[in-house]
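So the structure is just underneath, and the comments pick up after that.
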Number of protein chains: 4
Amino acid sequence: MTVASVVGATGYTGAVLTDILSQHPGVELGALTSISHAGKTVADVFPRLRVQGRYVAYSREAIRGSDVAFVCYPHAQSHEVVSELVDSGCRVIDLSADFRLKDPAAYSLWYGFEHPRPDLVAEAVFGLPEAYRDKIAQARLVANPGCFPTGMLLGLIPFVDRIDPSGVIVDSKSGVTGAGRTPSEKTHFCAVQDNFKSYSEVGHRHTSEMLQELSLAAGSDLPVAFTPHLLPVDRGILSTIYFRPRGEIGTSDAWLSACAECYSAEPFVEVVDAVPSLHEVQGTNFCRLSVRVDSASGLVKVFTVIDNLVKGASGQAVQNMNIMFGLDEDAGLRRKV
Amino acid sequence: MTVASVVGATGYTGAVLTDILSQHPGVELGALTSISHAGKTVADVFPRLRVQGRYVAYSREAIRGSDVAFVCYPHAQSHEVVSELVDSGCRVIDLSADFRLKDPAAYSLWYGFEHPRPDLVAEAVFGLPEAYRDKIAQARLVANPGCFPTGMLLGLIPFVDRIDPSGVIVDSKSGVTGAGRTPSEKTHFCAVQDNFKSYSEVGHRHTSEMLQELSLAAGSDLPVAFTPHLLPVDRGILSTIYFRPRGEIGTSDAWLSACAECYSAEPFVEVVDAVPSLHEVQGTNFCRLSVRVDSASGLVKVFTVIDNLVKGASGQAVQNMNIMFGLDEDAGLRRKV
Amino acid sequence: MTVASVVGATGYTGAVLTDILSQHPGVELGALTSISHAGKTVADVFPRLRVQGRYVAYSREAIRGSDVAFVCYPHAQSHEVVSELVDSGCRVIDLSADFRLKDPAAYSLWYGFEHPRPDLVAEAVFGLPEAYRDKIAQARLVANPGCFPTGMLLGLIPFVDRIDPSGVIVDSKSGVTGAGRTPSEKTHFCAVQDNFKSYSEVGHRHTSEMLQELSLAAGSDLPVAFTPHLLPVDRGILSTIYFRPRGEIGTSDAWLSACAECYSAEPFVEVVDAVPSLHEVQGTNFCRLSVRVDSASGLVKVFTVIDNLVKGASGQAVQNMNIMFGLDEDAGLRRKV
Amino acid sequence: MTVASVVGATGYTGAVLTDILSQHPGVELGALTSISHAGKTVADVFPRLRVQGRYVAYSREAIRGSDVAFVCYPHAQSHEVVSELVDSGCRVIDLSADFRLKDPAAYSLWYGFEHPRPDLVAEAVFGLPEAYRDKIAQARLVANPGCFPTGMLLGLIPFVDRIDPSGVIVDSKSGVTGAGRTPSEKTHFCAVQDNFKSYSEVGHRHTSEMLQELSLAAGSDLPVAFTPHLLPVDRGILSTIYFRPRGEIGTSDAWLSACAECYSAEPFVEVVDAVPSLHEVQGTNFCRLSVRVDSASGLVKVFTVIDNLVKGASGQAVQNMNIMFGLDEDAGLRRKV
């Protein structure tokens, strides 16, 4: 059994990890740490989880004996504990952005802190199994992708050679869990319900991941115009992606076939003809996507949906763990969470 | 007092018209017609409206004495009664699409029917006051714009000279009232709530209006890639519009200033710095909009919000009536509906 | 013109007051005070209000010149400023609970503070126009009723002589604005949406008002079992009220007629045959109610709906002001807010 | 393996059954029948289910070879096919009301049809495992309880000896799936969202089951005043139940302990201290409940929550199947659906 701990277990991603890991056939649950709720039971904090256990304060000692730790701290606060754990020999899957960017200088630019561990930045593997499965299998440190980049990259990876250099437009709509569990004016029920709005209209931090990974996949820089919006929905991201194709635009069917072929061996990517809705992936680790050719305007439209807490965070993290420890890739991920 | 009747008064747009007209200081409510609910009172059908009155079956006779009739029939079913009313000397504001397109042949292409009255098609004025106020004042027949074209056009009219010939992308998100009041699988609460999806991903009929009016405003054809989505929201449309500018991209402030200047005399268009949300316009006849420059990708992003039933339909129709009859342009439109 | 100020204007009730008063034909808006937002404009804090003005810090000076002040502070924090204003000659409508209870000792029991002004407690008039219109007209200090008591009392006042001494059960369901604008775990969108729960299942503070006013109306004590619940809804309270009648139970029609007669002269109480929904009163100052006899169980069921922010708070406060200053009782209250 | 078929598989309860049975370790999925969707695949009709299979028209032949059939037809339409299947030797779990009432005459009164098979009415076992586990094990025909009665009975069974003869009040709030999948004006998103209302305020059909089973459990008749309400929620029922206790009212803790003891061996009833919310049971077969004593009014309040489609319908049906076929009682019911 793989012993797995969760550091920062009382946010939304921590709760979903706790749920998945507690039912995972190949996992023994290690420590669940929490700064704010140490001492409380899981049932106290999340009555809807039916998991035995009690949160403890984080300490290196608390994680000793764990084969892998999932770290669910906020950006810029995660790298310290991640580094400590990796140095001590524990494999780590970091759900923050602290090791996603390859260029150490990018952290100052996008996240406002000087990265103290360029060595681990260089070593960390970007945890998108569809792109880096082999590297993930060997990794000591996996940087679990952001939720928006996951949906966007899965929609574009099959087509990177077909995208015109003018780049892509990513219009994304996210559920409120994407904003985290800490109460704020913006996540108050009365501010969200029956409402809809954009946010971070220019320069959202996830753009950095999108640019990096899209350019790596394409072999050259591709501009990305990214606009996130907040849906009155609990979980899920739908991204509507636009690009001008190189060469003939062809038919929707041709693009769908190419896409389906690209993902034929992937356990968690489903290419479908009918454009998918959030309902189809909520609670699951699936990304569903479809493609439409808009001949009149000469643009291709790709539609992808994921659950931001599962394929966009905790589910993908478990998928990465499964790959790292040689478990079935979908172990623990077949039921809804 | 202007006597105003509503033909097809028991759909959503009819209900909002009934509400506005019943409180309009310059209007006397004429007939409210309904095929399905003739004989019932307004309170029977819409308990939340506090309007005295009873629906009658449509007849030419029922409308006699009206100065203006609002026709709220579905596309392809409206032109017959509209033609009859105009021929009889009643001024008409048609909320369907039956007279919006200038090219009579376009009705076969986009709406699947041969238009029997090219003369009235030629005469009808597209009822966007911000573009055609003077013509509306004189019109016998006003074709009230579609909800999506209204939001999109108000966002782009100030900039038509600055849009690159590659065209525009319009990613729109609409509340469920946009789908009408007739129950269907798609509008069932359980299909919509906590969900989000696109529809008519290519070739939505409103694209035809967008193309026509954008080209008329710009003086040349501009491609439009339009994608509507369905929000778990009652009322409102937010459109996120992308285009590449001709020449230097400049600053967001410069675009905002240009936009504010363009609309400085408009009673129902508000240019704001903070990108608006649906809450800010629901129940009102306002269009609010903002602009952002995304220098990294070289694109301009315009955000517009309207209430699809008010500025996107019934409120704009009353605004048109006010212009046609020399009333204050915002008469009846200062309170929430 | 009556000069009206709002003390504590940036909560939900303050925002609705600002909206109503700014359009009230007989009112000149005085100061809008705010501890947290002093210096900001109304548009900064509430983009959906179209009201000119800027919040100021509270001071006695800021309110000088006002004929009336609405005080929207939390319970136990309101009485100090209310007392200061009344002493200085300004008439006050207090939206908190600080002067609702007649027995000074009750404040320790239900609200945990020793009331420093038993003289004003004795003088304050409970601001339910349907019960105390004449006293309100003369009052220096009106204690505006709680939202739950308003709905409950309007449902029972017509029947106090017919209620069996075993008392009444009040099962109430409230929208989230009832919990206030301050963000908390309980009002996070993800905690509320697609959810439903009770709270304060025994001894909710509004029970004290219900007991007091029901007993005053009935002339003897009547037990009240009150259970509030939280709806995934913005605004509105529906109360389902059960009691055993004295004597013959009779018919629903008989109860409806008695109720309609009781309220025939009331501008804001509507007795209807079809049991009302929240939609019918949201945004309005109306209370709608209906009655059903359940012969098999021998109980009467009364259903009342109000908008908790309007008839349950700010609208009723303006209704009280209208009465106090001899204005039309529905002035400023005819449009939706 | 137990071969299980679903008759009427394209409503909400059919969909949940299909989901559970397709993953049930002891079940082989037989036929899925549908009148309206015969010939389509499961994925066509329910894209969010990941179940292979195709709907067929119902025929006796289609069910041949099945050990058990779940019948999901509407009330009054179910008994014919149920009778045919039982007569042919197939064990049946009927999700309609057609065999729930013991008195054949009751069907005319409550459901408006003369029951043609009093013999099967007499034989059918009411499928509430917590009350009739032993009889269910032997049954040829199980009448699966209604959703409201399930939540109400689980809340009162522990206390039947303590309820005063004046009876009980059951104030229930249900999600919209309870109204079925057929579109109607009442289930239109725009009629439900941000709304709340009661329905069938007197004489809802489920009252008959409540009366029957409560009286059987108590050994004497107990009046039931039942009022259902419609929540803007997908799934779940919360019932707030009031009764006057015989003798001393005692403490909440004493009632909770008695309740917990009563259900200590039950796999799907959870007695909890904190009053539960719908979120805690949605997607599961659990009923959670809590109790509060309201000493001031002398009443006991019981709160129960279930998922109306799982413990209130399809999950309980599978629990019954498990009992009938000697499978683990929670087989197939440990994951969310």
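Lettering and numbering for the structure tokens are positional, with chains as A, B, ... in the shown order, residues counted from 1 in each chain, and ligands counted from 1 in the shown order.
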Each residue of chain D lying at most 7 Å from chain C should get a row with its shortest atom-to-atom pair and the distance in Å to one decimal, counting only C-alpha atoms; could you produce that, ordered by chain and increasing number, as a Markdown table?
```
| residue | atom | partner | partner_atom | distance |
| --- | --- | --- | --- | --- |
| D:Asp194 | CA | C:Val233 | CA | 4.7 |
| D:Asn195 | CA | C:Leu278 | CA | 5.3 |
| D:Phe196 | CA | C:Leu278 | CA | 5.6 |
| D:Lys197 | CA | C:Ser277 | CA | 4.6 |
| D:Val202 | CA | C:Asp294 | CA | 5.8 |
| D:Pro223 | CA | C:Ser297 | CA | 5.2 |
| D:Val224 | CA | C:Ser297 | CA | 5.9 |
| D:Ala225 | CA | C:Ser297 | CA | 5.5 |
| D:Pro232 | CA | C:Pro232 | CA | 6.9 |
| D:Val233 | CA | C:Asp194 | CA | 4.7 |
| D:Asp234 | CA | C:Asp194 | CA | 6.5 |
| D:Pro276 | CA | C:Lys197 | CA | 6.8 |
| D:Ser277 | CA | C:Lys197 | CA | 4.6 |
| D:Leu278 | CA | C:Asn195 | CA | 5.3 |
| D:His279 | CA | C:Asn195 | CA | 5.6 |
| D:Asp294 | CA | C:Val202 | CA | 5.8 |
| D:Ser297 | CA | C:Pro223 | CA | 5.2 |
```
Written selection (C-alpha atoms) as a PDB file, in the first residue's frame:
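And here's out.pdb as it stands now:
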```pdb
ATOM      1  CA  ASP D 194     -34.648  32.017  -6.886  1.00  0.00           C
ATOM      2  CA  ASN D 195     -38.160  30.905  -5.951  1.00  0.00           C
ATOM      3  CA  PHE D 196     -39.838  28.771  -3.309  1.00  0.00           C
ATOM      4  CA  LYS D 197     -43.407  27.620  -2.909  1.00  0.00           C
ATOM      5  CA  VAL D 202     -53.801  19.623   1.594  1.00  0.00           C
ATOM      6  CA  PRO D 223     -53.253  12.299  12.270  1.00  0.00           C
ATOM      7  CA  VAL D 224     -50.672  13.660   9.846  1.00  0.00           C
ATOM      8  CA  ALA D 225     -50.646  17.239   8.535  1.00  0.00           C
ATOM      9  CA  PRO D 232     -34.664  25.457  -6.193  1.00  0.00           C
ATOM     10  CA  VAL D 233     -32.481  22.395  -5.744  1.00  0.00           C
ATOM     11  CA  ASP D 234     -31.875  19.350  -7.927  1.00  0.00           C
ATOM     12  CA  PRO D 276     -28.045  17.897   8.776  1.00  0.00           C
ATOM     13  CA  SER D 277     -28.277  19.654   5.391  1.00  0.00           C
ATOM     14  CA  LEU D 278     -29.147  18.250   1.973  1.00  0.00           C
ATOM     15  CA  HIS D 279     -25.497  18.371   0.902  1.00  0.00           C
ATOM     16  CA  ASP D 294     -38.342  22.935  22.115  1.00  0.00           C
ATOM     17  CA  SER D 297     -43.544  25.316  23.163  1.00  0.00           C
TER      18      SER D 297
END
```
Picked from stretch 186-257 of chain A by DSSP as helix (DSSP H, G or I), as a VMD selection string: chain A and resid 186 to 187 189 to 192 206 to 218 252 to 257
Residue nearest B:Asp307 - candidates B:Cys147, B:Leu289, B:Gly30, B:Leu156, atoms counted: only C-alpha atoms: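 Result for the nearest residue to B:Asp307: B:Cys147.
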From the DSSP assignment of the backbone, select every residue of stretch 73-254 of chain D that is strand (DSSP E or B), and format the answer as a ChimeraX atom specification. /D:91-94,125-126,141-143,163-174,188,197-198,224-230,237-245
Leaving out stretch 114-129 of chain D and any residue of its chain fewer than 2 positions from it, which residues lie within 8 Å of it when counting only C-alpha atoms, given as a list in words?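 Near stretch 114-129 of chain D, the qualifying residues are Ser83, Phe99, Arg100, Leu101, Lys102, Asp103, Pro104, Ala105, Tyr107, Ser108, Gly112, Ala131, Tyr132, Arg133, Lys135, Ile136, Ala139, Arg140, Leu141, Val142, Ala143, Asn144, Pro145, Thr150, Gln316, Ala317, Gln319 and Asn320 of chain D.
Computed from the coordinates, the atom CA of A:Val281 to atom CA of D:Val281 distance equals 20.0 Å.
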Exercise: B:Arg246 partners within 7 Å, only C-alpha atoms, chain neighbours under 2 positions left out, as a PyMOL selection string: chain B and resi 162-164+244+248
May I ask for the distance between atom CA of A:Gly315 and atom CA of A:Glu185, given in Å to one decimal place?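 Computing it gives 28.4 Å between the two atoms.
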Which polymer residues have any atom within 8 Å of an atom of D:Leu21, counting only C-alpha atoms, with same-chain residues fewer than 4 positions away left out, as a tab-separated table (two decimals) with C-alpha atoms, in the first residue's frame?
```tsv
chain	number	residue	atom	x	y	z
D	4	ALA	CA	-31.78	-7.05	-13.13
D	17	LEU	CA	-31.03	2.71	-11.21
D	27	VAL	CA	-25.60	-7.68	-10.76
D	28	GLU	CA	-25.71	-8.30	-14.46
D	29	LEU	CA	-27.69	-5.60	-16.23
D	318	VAL	CA	-31.48	-1.60	-4.81
D	332	GLY	CA	-23.57	-1.13	-5.17
```
